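Okay, work04.cif is below, mmCIF, C-alpha atoms and all ligand atoms:
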```cif
data_coords
#
loop_
_atom_site.label_atom_id
_atom_site.label_comp_id
_atom_site.auth_asym_id
_atom_site.auth_seq_id
_atom_site.Cartn_x
_atom_site.Cartn_y
_atom_site.Cartn_z
CA MET A 1 11.01 -77.75 -43.73
CA GLU A 2 13.36 -77.64 -46.73
CA LYS A 3 16.63 -79.41 -46.02
CA LYS A 4 19.79 -77.40 -46.48
CA GLY A 5 21.62 -80.07 -48.49
CA LEU A 6 20.44 -81.87 -51.59
CA LEU A 7 19.67 -85.58 -51.57
CA THR A 8 21.14 -87.12 -54.72
CA VAL A 9 20.52 -90.67 -55.84
CA VAL A 10 23.16 -92.24 -58.06
CA SER A 11 22.13 -95.45 -59.80
CA GLY A 12 23.57 -97.20 -62.79
CA PHE A 13 24.73 -100.48 -64.20
CA SER A 14 27.04 -102.51 -62.01
CA GLY A 15 30.54 -101.76 -63.33
CA ALA A 16 29.62 -98.40 -64.91
CA GLY A 17 31.83 -96.61 -62.38
CA LYS A 18 29.48 -95.31 -59.65
CA GLY A 19 31.85 -96.12 -56.80
CA THR A 20 34.78 -94.55 -58.65
CA LEU A 21 32.76 -91.39 -59.35
CA MET A 22 31.64 -91.12 -55.72
CA LYS A 23 35.24 -91.36 -54.53
CA GLY A 24 36.22 -88.67 -57.04
CA LEU A 25 33.50 -86.28 -55.85
CA LEU A 26 34.34 -86.84 -52.18
CA SER A 27 38.05 -86.31 -52.65
CA LYS A 28 37.67 -83.16 -54.78
CA TYR A 29 34.88 -81.33 -52.96
CA ASP A 30 33.98 -81.04 -49.31
CA ASN A 31 30.24 -80.43 -49.64
CA TYR A 32 29.39 -84.11 -50.18
CA ALA A 33 28.57 -86.88 -47.72
CA LEU A 34 28.25 -90.45 -48.93
CA SER A 35 25.70 -92.62 -47.19
CA VAL A 36 27.06 -96.02 -46.13
CA SER A 37 24.44 -98.70 -46.79
CA MET A 38 23.66 -101.88 -44.95
CA THR A 39 23.92 -105.14 -46.86
CA THR A 40 23.70 -108.88 -46.34
CA ARG A 41 26.24 -109.62 -49.09
CA ALA A 42 29.72 -110.79 -48.12
CA PRO A 43 32.53 -108.22 -48.10
CA ARG A 44 34.83 -108.22 -51.16
CA PRO A 45 38.56 -108.40 -50.50
CA GLY A 46 39.67 -105.00 -49.20
CA GLU A 47 36.19 -103.87 -48.15
CA VAL A 48 35.94 -102.68 -44.56
CA ASP A 49 32.84 -102.92 -42.34
CA GLY A 50 31.46 -99.41 -41.82
CA ARG A 51 33.37 -97.96 -44.79
CA GLU A 52 31.98 -99.55 -47.99
CA TYR A 53 29.00 -101.07 -46.19
CA PHE A 54 27.73 -102.17 -42.82
CA PHE A 55 27.83 -105.93 -43.37
CA ILE A 56 25.00 -107.56 -41.42
CA THR A 57 22.99 -110.79 -41.34
CA ARG A 58 19.54 -111.24 -42.90
CA GLU A 59 18.03 -111.38 -39.40
CA GLN A 60 19.66 -108.08 -38.43
CA PHE A 61 18.56 -106.54 -41.75
CA GLU A 62 14.95 -107.61 -41.30
CA LYS A 63 14.97 -106.20 -37.75
CA ASN A 64 16.18 -102.83 -39.15
CA ILE A 65 13.31 -102.84 -41.65
CA GLU A 66 10.80 -103.58 -38.86
CA ASP A 67 12.26 -100.85 -36.64
CA GLY A 68 11.93 -98.25 -39.42
CA LYS A 69 15.68 -97.61 -39.50
CA LEU A 70 15.94 -97.56 -43.31
CA ILE A 71 14.67 -94.90 -45.73
CA GLU A 72 14.60 -97.47 -48.53
CA HIS A 73 15.69 -101.04 -49.11
CA ALA A 74 15.72 -103.61 -51.89
CA GLN A 75 16.96 -107.04 -52.84
CA TYR A 76 19.64 -107.23 -55.51
CA VAL A 77 21.02 -110.51 -56.93
CA GLY A 78 20.03 -112.44 -53.79
CA ASN A 79 21.02 -109.93 -51.10
CA TYR A 80 19.40 -107.12 -49.15
CA TYR A 81 20.70 -103.55 -49.44
CA GLY A 82 19.32 -100.51 -47.58
CA THR A 83 20.00 -96.88 -46.59
CA PRO A 84 20.15 -95.99 -42.89
CA LYS A 85 17.86 -93.07 -42.06
CA ASP A 86 19.66 -91.22 -39.25
CA TYR A 87 22.92 -90.48 -41.06
CA VAL A 88 21.17 -89.14 -44.15
CA PHE A 89 18.97 -86.74 -42.18
CA GLU A 90 21.83 -85.53 -39.97
CA GLN A 91 24.03 -84.75 -42.97
CA LEU A 92 21.26 -83.01 -44.92
CA ASP A 93 20.46 -80.87 -41.87
CA ALA A 94 24.15 -80.00 -41.61
CA GLY A 95 23.97 -78.68 -45.19
CA LYS A 96 25.82 -81.54 -46.88
CA ASP A 97 24.76 -82.82 -50.29
CA VAL A 98 24.13 -86.46 -49.54
CA LEU A 99 24.93 -89.09 -52.16
CA LEU A 100 23.05 -92.40 -52.18
CA GLU A 101 24.62 -94.98 -54.44
CA ILE A 102 21.67 -97.34 -54.76
CA GLU A 103 19.90 -99.48 -57.34
CA ILE A 104 16.69 -98.63 -59.14
CA GLN A 105 14.06 -100.12 -56.79
CA GLY A 106 15.53 -98.07 -53.94
CA ALA A 107 15.83 -95.00 -56.19
CA LEU A 108 12.11 -95.17 -56.97
CA GLN A 109 11.26 -95.44 -53.26
CA ILE A 110 13.36 -92.30 -52.62
CA LYS A 111 11.70 -90.44 -55.51
CA LYS A 112 8.29 -91.17 -54.06
CA ARG A 113 9.21 -90.33 -50.48
CA PHE A 114 11.42 -87.27 -51.24
CA PRO A 115 10.16 -85.70 -54.49
CA GLU A 116 12.87 -83.00 -54.30
CA ALA A 117 15.67 -85.61 -54.54
CA LEU A 118 17.86 -85.53 -57.65
CA LEU A 119 18.11 -88.83 -59.55
CA LEU A 120 21.18 -89.53 -61.70
CA PHE A 121 21.81 -92.63 -63.80
CA VAL A 122 25.41 -93.64 -64.56
CA THR A 123 26.20 -95.62 -67.71
CA THR A 124 29.18 -96.50 -69.87
CA LYS A 125 29.16 -95.22 -73.45
CA ASP A 126 28.19 -98.70 -74.68
CA ALA A 127 27.46 -102.26 -73.53
CA GLN A 128 30.89 -103.60 -74.53
CA THR A 129 32.66 -101.11 -72.24
CA LEU A 130 30.42 -102.24 -69.40
CA ILE A 131 31.41 -105.88 -69.90
CA GLU A 132 35.09 -104.90 -70.01
CA ARG A 133 34.87 -102.85 -66.81
CA LEU A 134 33.01 -105.57 -64.92
CA LYS A 135 35.55 -108.19 -65.99
CA GLY A 136 38.48 -105.80 -65.48
CA ARG A 137 37.45 -105.08 -61.88
CA GLY A 138 38.05 -108.75 -61.18
CA THR A 139 35.89 -108.85 -58.06
CA GLU A 140 33.13 -111.20 -59.24
CA THR A 141 32.97 -114.68 -60.71
CA GLU A 142 31.87 -115.16 -64.35
CA GLU A 143 28.50 -116.35 -63.05
CA VAL A 144 27.91 -113.25 -60.92
CA ILE A 145 29.07 -111.01 -63.79
CA PHE A 146 26.51 -112.68 -66.04
CA LYS A 147 23.76 -112.12 -63.45
CA ARG A 148 24.75 -108.47 -63.10
CA LEU A 149 24.64 -107.98 -66.88
CA LYS A 150 21.17 -109.55 -66.99
CA ARG A 151 20.15 -107.19 -64.21
CA ALA A 152 21.64 -104.26 -66.18
CA ALA A 153 19.38 -105.16 -69.11
CA GLU A 154 16.36 -105.00 -66.75
CA GLU A 155 17.55 -101.75 -65.17
CA SER A 156 17.94 -100.12 -68.58
CA GLU A 157 14.12 -100.20 -68.83
CA GLY A 158 13.90 -97.71 -65.96
CA ILE A 159 16.41 -95.08 -67.07
CA GLU A 160 13.71 -92.53 -67.96
CA GLU A 161 12.72 -92.36 -64.28
CA TYR A 162 15.98 -90.47 -63.70
CA GLU A 163 16.55 -86.78 -64.31
CA TYR A 164 20.05 -86.97 -65.87
CA LEU A 165 22.13 -89.54 -67.68
CA ILE A 166 25.79 -89.54 -66.61
CA VAL A 167 27.96 -91.13 -69.32
CA ASN A 168 31.16 -92.17 -67.57
CA ASP A 169 33.71 -92.10 -70.37
CA ASP A 170 36.62 -89.87 -69.32
CA LEU A 171 36.63 -90.06 -65.53
CA GLU A 172 37.75 -86.51 -64.69
CA THR A 173 35.29 -84.93 -67.14
CA CYS A 174 32.53 -87.05 -65.70
CA ILE A 175 33.29 -86.04 -62.10
CA GLU A 176 33.19 -82.36 -63.11
CA ASP A 177 29.92 -82.79 -65.04
CA MET A 178 28.33 -84.57 -62.13
CA HIS A 179 29.39 -81.89 -59.65
CA ASP A 180 28.03 -79.21 -62.00
CA ILE A 181 24.68 -80.97 -62.41
CA ILE A 182 24.23 -81.42 -58.65
CA GLN A 183 25.13 -77.81 -57.84
CA LYS A 184 22.86 -76.43 -60.58
CA ALA A 185 20.00 -78.71 -59.49
CA LYS A 186 20.10 -77.04 -56.06
CA LEU A 187 19.15 -73.75 -57.72
CA LYS A 188 16.02 -75.03 -59.40
CA ALA A 189 12.99 -72.96 -58.39
CA SER A 190 11.05 -76.14 -57.66
CA ARG A 191 13.61 -77.07 -54.97
CA ASN A 192 13.53 -73.63 -53.32
CA SER A 193 9.88 -73.02 -52.52
CA GLU A 194 10.58 -71.81 -48.97
CA PHE A 195 13.18 -69.32 -50.18
CA ILE A 196 10.75 -68.05 -52.81
CA LYS A 197 7.93 -67.76 -50.29
CA LYS A 198 10.11 -65.79 -47.88
CA ILE A 199 11.49 -63.30 -50.40
CA ARG A 200 7.98 -62.82 -51.81
CA GLU A 201 6.61 -61.99 -48.36
CA ASP A 202 9.56 -59.74 -47.44
CA LEU A 203 9.08 -57.79 -50.66
CA LYS A 204 5.36 -57.39 -50.08
CA ASN A 205 6.06 -56.03 -46.59
CA ILE A 206 8.37 -53.25 -47.72
P1 LIG B 1 30.28 -99.59 -59.98
O1 LIG B 1 30.48 -98.96 -58.62
O2 LIG B 1 29.33 -98.82 -60.84
O3 LIG B 1 29.95 -101.04 -59.93
P2 LIG B 1 33.21 -99.25 -60.19
O4 LIG B 1 33.38 -97.85 -59.70
O5 LIG B 1 33.61 -100.37 -59.30
O6 LIG B 1 31.70 -99.48 -60.73
O7 LIG B 1 33.98 -99.34 -61.59
C1 LIG B 1 34.07 -100.56 -62.33
C2 LIG B 1 35.47 -100.67 -62.93
O8 LIG B 1 35.63 -99.68 -63.94
C3 LIG B 1 36.60 -100.44 -61.91
O9 LIG B 1 37.65 -101.32 -62.18
C4 LIG B 1 37.00 -98.97 -62.18
O10 LIG B 1 38.36 -98.74 -61.84
C5 LIG B 1 36.76 -98.83 -63.69
N1 LIG B 1 36.38 -97.46 -64.10
C6 LIG B 1 35.49 -96.63 -63.51
N2 LIG B 1 35.37 -95.47 -64.18
C7 LIG B 1 36.17 -95.57 -65.25
C8 LIG B 1 36.47 -94.68 -66.36
N3 LIG B 1 35.92 -93.48 -66.50
N4 LIG B 1 37.36 -95.12 -67.27
C9 LIG B 1 37.93 -96.35 -67.15
N5 LIG B 1 37.70 -97.22 -66.15
C10 LIG B 1 36.82 -96.85 -65.21
P1 LIG B 2 27.45 -104.10 -54.92
O1 LIG B 2 27.16 -105.50 -54.47
O2 LIG B 2 28.09 -104.04 -56.29
O3 LIG B 2 28.22 -103.28 -53.90
O4 LIG B 2 26.03 -103.35 -55.08
C1 LIG B 2 25.03 -103.93 -55.85
C2 LIG B 2 23.95 -102.92 -56.13
O5 LIG B 2 23.31 -102.53 -54.93
C3 LIG B 2 24.48 -101.63 -56.78
O6 LIG B 2 23.60 -101.29 -57.84
C4 LIG B 2 24.41 -100.63 -55.66
O7 LIG B 2 24.20 -99.32 -56.14
C5 LIG B 2 23.18 -101.12 -54.92
N1 LIG B 2 23.09 -100.64 -53.54
C6 LIG B 2 24.09 -100.40 -52.66
N2 LIG B 2 23.61 -99.94 -51.51
C7 LIG B 2 22.26 -99.87 -51.63
C8 LIG B 2 21.19 -99.46 -50.77
O8 LIG B 2 21.36 -99.03 -49.64
N3 LIG B 2 19.93 -99.56 -51.29
C9 LIG B 2 19.66 -100.02 -52.53
N4 LIG B 2 18.39 -100.04 -52.92
N5 LIG B 2 20.64 -100.41 -53.36
C10 LIG B 2 21.93 -100.34 -52.93
#
```
Go through the file and emit its structure as structure tokens.
Amino acid sequence: MEKKGLLTVVSGFSGAGKGTLMKGLLSKYDNYALSVSMTTRAPRPGEVDGREYFFITREQFEKNIEDGKLIEHAQYVGNYYGTPKDYVFEQLDAGKDVLLEIEIQGALQIKKRFPEALLLFVTTKDAQTLIERLKGRGTETEEVIFKRLKRAAEESEGIEEYEYLIVNDDLETCIEDMHDIIQKAKLKASRNSEFIKKIREDLKNI
């Protein structure tokens, strides 16, 4: 059965602005639902359990994997991250466009499991801007920033797996572009096979 909402995966280099873009979409439009992931990494100052993430132990995470509670999961710079299944399905059934802000290994699992999902890749206009944003955010040590930049170099190899590139230069323009892309993607014929089948049959029966 085709879901009413669209499942959209948003990946991109750490520091490119994914979190900021998600907040922008959620505050401007009411058709979006953001999935809250589970992670074993420690909360950053200001992060609240159940809002940015569900912060859990490795043992709890591994139990969730075993119990089939996650639609994808991956390890990123030494920690587990994963998407809880129930919330995503509930929101899609309710007609919400569900946003998954996840890294590339998880994105590829989603693409395989849900071929109709839309995959977006967020980047800065150049590498220097990425370094500045990561440093400017001030939430990671120099060492972690370096690891994340190394990871960005690896992730750049997979960009072609995504359908659209989202260049986050001017924030407001980028939020609008992203909204536009998601809404237009919902109208693709390939994502509406049940609608097409029904109208075809109804027309034949006239
Ligand atoms: P990510 O979630 O991809 O790791 P964040 O959303 O935390 O990235 O953004 C990284 C930093 O860049 C933050 O300090 C954020 O305020 C800043 N930022 C995000 N988008 C823009 C933009 N379009 N212009 C300038 N700064 C931005
Ligand atoms: P951060 O530690 O900066 O919050 O997230 C690190 C990376 O993990 C980011 O690229 C983020 O998109 C990704 N991530 C967050 N949640 C999930 C998830 O549920 N699954 C996967 N695969 N990646 C996630």
Mind running chain A against ligand LIG 2 (chain B) at 10 Å and telling me each contacting residue's nearest atom pair with the distance in Å (one decimal), counting only C-alpha atoms and all ligand atoms, chain and number ascending, as JSON lines?
```
{"residue": "A:Val9", "atom": "CA", "partner": "B:LIG2", "partner_atom": "O7", "distance": 9.4}
{"residue": "A:Val10", "atom": "CA", "partner": "B:LIG2", "partner_atom": "O7", "distance": 7.4}
{"residue": "A:Ser11", "atom": "CA", "partner": "B:LIG2", "partner_atom": "O7", "distance": 5.7}
{"residue": "A:Gly12", "atom": "CA", "partner": "B:LIG2", "partner_atom": "O6", "distance": 6.4}
{"residue": "A:Phe13", "atom": "CA", "partner": "B:LIG2", "partner_atom": "O6", "distance": 6.5}
{"residue": "A:Ser14", "atom": "CA", "partner": "B:LIG2", "partner_atom": "O6", "distance": 5.5}
{"residue": "A:Gly15", "atom": "CA", "partner": "B:LIG2", "partner_atom": "O2", "distance": 7.8}
{"residue": "A:Ala16", "atom": "CA", "partner": "B:LIG2", "partner_atom": "O6", "distance": 9.7}
{"residue": "A:Lys18", "atom": "CA", "partner": "B:LIG2", "partner_atom": "O7", "distance": 7.5}
{"residue": "A:Gly19", "atom": "CA", "partner": "B:LIG2", "partner_atom": "O7", "distance": 8.3}
{"residue": "A:Ser35", "atom": "CA", "partner": "B:LIG2", "partner_atom": "O8", "distance": 8.1}
{"residue": "A:Val36", "atom": "CA", "partner": "B:LIG2", "partner_atom": "O8", "distance": 7.3}
{"residue": "A:Ser37", "atom": "CA", "partner": "B:LIG2", "partner_atom": "O8", "distance": 4.2}
{"residue": "A:Met38", "atom": "CA", "partner": "B:LIG2", "partner_atom": "O8", "distance": 6.0}
{"residue": "A:Thr39", "atom": "CA", "partner": "B:LIG2", "partner_atom": "N2", "distance": 7.0}
{"residue": "A:Thr40", "atom": "CA", "partner": "B:LIG2", "partner_atom": "O1", "distance": 9.5}
{"residue": "A:Arg41", "atom": "CA", "partner": "B:LIG2", "partner_atom": "O1", "distance": 6.8}
{"residue": "A:Ala42", "atom": "CA", "partner": "B:LIG2", "partner_atom": "O1", "distance": 8.7}
{"residue": "A:Pro43", "atom": "CA", "partner": "B:LIG2", "partner_atom": "O3", "distance": 8.8}
{"residue": "A:Arg44", "atom": "CA", "partner": "B:LIG2", "partner_atom": "O3", "distance": 8.7}
{"residue": "A:Glu47", "atom": "CA", "partner": "B:LIG2", "partner_atom": "O3", "distance": 9.8}
{"residue": "A:Glu52", "atom": "CA", "partner": "B:LIG2", "partner_atom": "O3", "distance": 7.9}
{"residue": "A:Tyr53", "atom": "CA", "partner": "B:LIG2", "partner_atom": "N2", "distance": 7.7}
{"residue": "A:Phe54", "atom": "CA", "partner": "B:LIG2", "partner_atom": "O8", "distance": 9.8}
{"residue": "A:Leu70", "atom": "CA", "partner": "B:LIG2", "partner_atom": "O8", "distance": 8.5}
{"residue": "A:Ile71", "atom": "CA", "partner": "B:LIG2", "partner_atom": "O8", "distance": 8.8}
{"residue": "A:Glu72", "atom": "CA", "partner": "B:LIG2", "partner_atom": "N4", "distance": 6.3}
{"residue": "A:His73", "atom": "CA", "partner": "B:LIG2", "partner_atom": "N4", "distance": 4.8}
{"residue": "A:Ala74", "atom": "CA", "partner": "B:LIG2", "partner_atom": "N4", "distance": 4.6}
{"residue": "A:Gln75", "atom": "CA", "partner": "B:LIG2", "partner_atom": "N4", "distance": 7.1}
{"residue": "A:Tyr76", "atom": "CA", "partner": "B:LIG2", "partner_atom": "O5", "distance": 6.0}
{"residue": "A:Val77", "atom": "CA", "partner": "B:LIG2", "partner_atom": "C1", "distance": 7.8}
{"residue": "A:Gly78", "atom": "CA", "partner": "B:LIG2", "partner_atom": "O1", "distance": 10.0}
{"residue": "A:Asn79", "atom": "CA", "partner": "B:LIG2", "partner_atom": "O1", "distance": 8.3}
{"residue": "A:Tyr80", "atom": "CA", "partner": "B:LIG2", "partner_atom": "C9", "distance": 7.9}
{"residue": "A:Tyr81", "atom": "CA", "partner": "B:LIG2", "partner_atom": "C8", "distance": 4.3}
{"residue": "A:Gly82", "atom": "CA", "partner": "B:LIG2", "partner_atom": "O8", "distance": 3.3}
{"residue": "A:Thr83", "atom": "CA", "partner": "B:LIG2", "partner_atom": "O8", "distance": 4.0}
{"residue": "A:Pro84", "atom": "CA", "partner": "B:LIG2", "partner_atom": "O8", "distance": 7.5}
{"residue": "A:Leu100", "atom": "CA", "partner": "B:LIG2", "partner_atom": "O8", "distance": 7.3}
{"residue": "A:Glu101", "atom": "CA", "partner": "B:LIG2", "partner_atom": "O7", "distance": 4.7}
{"residue": "A:Ile102", "atom": "CA", "partner": "B:LIG2", "partner_atom": "O7", "distance": 3.5}
{"residue": "A:Glu103", "atom": "CA", "partner": "B:LIG2", "partner_atom": "O6", "distance": 4.1}
{"residue": "A:Ile104", "atom": "CA", "partner": "B:LIG2", "partner_atom": "N4", "distance": 6.6}
{"residue": "A:Gln105", "atom": "CA", "partner": "B:LIG2", "partner_atom": "N4", "distance": 5.8}
{"residue": "A:Gly106", "atom": "CA", "partner": "B:LIG2", "partner_atom": "N4", "distance": 3.6}
{"residue": "A:Ala107", "atom": "CA", "partner": "B:LIG2", "partner_atom": "N4", "distance": 6.5}
{"residue": "A:Leu108", "atom": "CA", "partner": "B:LIG2", "partner_atom": "N4", "distance": 8.9}
{"residue": "A:Gln109", "atom": "CA", "partner": "B:LIG2", "partner_atom": "N4", "distance": 8.5}
{"residue": "A:Ile110", "atom": "CA", "partner": "B:LIG2", "partner_atom": "N4", "distance": 9.2}
{"residue": "A:Thr139", "atom": "CA", "partner": "B:LIG2", "partner_atom": "O2", "distance": 9.3}
{"residue": "A:Glu140", "atom": "CA", "partner": "B:LIG2", "partner_atom": "O2", "distance": 9.2}
{"residue": "A:Arg148", "atom": "CA", "partner": "B:LIG2", "partner_atom": "C1", "distance": 8.6}
{"residue": "A:Arg151", "atom": "CA", "partner": "B:LIG2", "partner_atom": "O6", "distance": 9.3}
{"residue": "A:Ala152", "atom": "CA", "partner": "B:LIG2", "partner_atom": "O6", "distance": 9.1}
{"residue": "A:Glu155", "atom": "CA", "partner": "B:LIG2", "partner_atom": "O6", "distance": 9.5}
```
Step by step, measure atom-to-atom distances between ligand LIG 1 (chain B) and each residue using all atoms listed in the file, keep those at most 9 Å, then write them as a ChimeraX atom specification. /A:11-23,101,122-124,129-130,132-139,167-174
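Closest approach to Tyr87 of chain A among A:Pro115, A:Ser190, A:Ala153, A:Ala33 is made by A:Ala33 (distances from all atoms listed in the file).
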Go ahead and compute the interatomic distance for atom CA of Val88 of chain A and atom CA of Asn31 of chain A, in Å to one decimal. 13.7 Å
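One finds atom CA of Glu154 of chain A at 25.8 Å from atom CA of Ile175 of chain A.
Of the listed residues A:Phe121, A:Glu201, A:Phe55, A:Gly5, the one whose atoms come nearest to Glu157 of chain A is A:Phe121, with distances taken using all atoms listed in the file.
Computed from the coordinates, the atom CA of Leu165 of chain A to atom CA of Leu119 of chain A distance equals 9.1 Å.
Of the residues listed (A:Leu34, A:Leu26, A:Leu203, A:Ala117), A:Leu34 shows the shortest atom-to-atom separation from Val98 of chain A; distances use all atoms listed in the file.
Counting only C-alpha atoms and comparing A:Asp49, A:Arg191, A:Asp180, A:Asn205, the residue that lies closest to Phe114 of chain A is A:Arg191.
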Can you rebuild segment 74-82 of chain A with all heavy atoms and give it as a compact mmCIF listing (two decimals), in the frame of the given file?
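Heads up, here's the output in selection.txt:
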```txt
# COMPACT_ATOMS: atom_id res chain seq x y z
N ALA A 74 16.08 -102.76 -50.74
CA ALA A 74 15.72 -103.61 -51.89
C ALA A 74 16.56 -104.87 -51.85
O ALA A 74 17.54 -104.95 -51.12
CB ALA A 74 15.99 -102.84 -53.18
N GLN A 75 16.13 -105.84 -52.67
CA GLN A 75 16.96 -107.04 -52.84
C GLN A 75 17.62 -106.94 -54.21
O GLN A 75 16.98 -106.51 -55.18
CB GLN A 75 16.10 -108.30 -52.80
CG GLN A 75 15.41 -108.46 -51.46
CD GLN A 75 15.44 -109.89 -50.95
OE1 GLN A 75 16.36 -110.65 -51.24
NE2 GLN A 75 14.43 -110.26 -50.19
N TYR A 76 18.89 -107.30 -54.26
CA TYR A 76 19.64 -107.23 -55.51
C TYR A 76 20.49 -108.49 -55.61
O TYR A 76 21.33 -108.74 -54.72
CB TYR A 76 20.52 -105.96 -55.53
CG TYR A 76 21.39 -105.82 -56.76
CD1 TYR A 76 20.94 -105.11 -57.87
CD2 TYR A 76 22.66 -106.40 -56.81
CE1 TYR A 76 21.73 -104.98 -59.00
CE2 TYR A 76 23.46 -106.27 -57.94
CZ TYR A 76 22.99 -105.56 -59.02
OH TYR A 76 23.78 -105.43 -60.14
N VAL A 77 20.29 -109.26 -56.68
CA VAL A 77 21.02 -110.51 -56.93
C VAL A 77 21.18 -111.33 -55.62
O VAL A 77 22.27 -111.71 -55.24
CB VAL A 77 22.37 -110.26 -57.64
CG1 VAL A 77 22.98 -111.56 -58.15
CG2 VAL A 77 22.23 -109.28 -58.80
N GLY A 78 20.03 -111.53 -54.93
CA GLY A 78 20.03 -112.44 -53.79
C GLY A 78 20.39 -111.84 -52.44
O GLY A 78 20.40 -112.55 -51.44
N ASN A 79 20.71 -110.55 -52.39
CA ASN A 79 21.02 -109.93 -51.10
C ASN A 79 20.22 -108.67 -50.84
O ASN A 79 19.77 -108.01 -51.78
CB ASN A 79 22.52 -109.57 -51.03
CG ASN A 79 23.36 -110.79 -50.77
OD1 ASN A 79 23.24 -111.45 -49.74
ND2 ASN A 79 24.20 -111.14 -51.74
N TYR A 80 20.07 -108.37 -49.55
CA TYR A 80 19.40 -107.12 -49.15
C TYR A 80 20.41 -105.97 -49.15
O TYR A 80 21.57 -106.15 -48.75
CB TYR A 80 18.94 -107.23 -47.69
CG TYR A 80 17.62 -107.86 -47.43
CD1 TYR A 80 17.52 -108.93 -46.54
CD2 TYR A 80 16.45 -107.35 -47.98
CE1 TYR A 80 16.30 -109.50 -46.23
CE2 TYR A 80 15.22 -107.92 -47.68
CZ TYR A 80 15.15 -108.99 -46.80
OH TYR A 80 13.95 -109.54 -46.50
N TYR A 81 19.92 -104.78 -49.55
CA TYR A 81 20.70 -103.55 -49.44
C TYR A 81 19.74 -102.47 -48.94
O TYR A 81 18.59 -102.42 -49.37
CB TYR A 81 21.22 -103.10 -50.81
CG TYR A 81 22.24 -104.01 -51.46
CD1 TYR A 81 21.86 -105.16 -52.13
CD2 TYR A 81 23.59 -103.69 -51.42
CE1 TYR A 81 22.79 -105.99 -52.73
CE2 TYR A 81 24.54 -104.52 -52.03
CZ TYR A 81 24.13 -105.66 -52.67
OH TYR A 81 25.05 -106.48 -53.27
N GLY A 82 20.21 -101.57 -48.06
CA GLY A 82 19.32 -100.51 -47.58
C GLY A 82 20.08 -99.31 -47.04
O GLY A 82 21.24 -99.41 -46.64
```
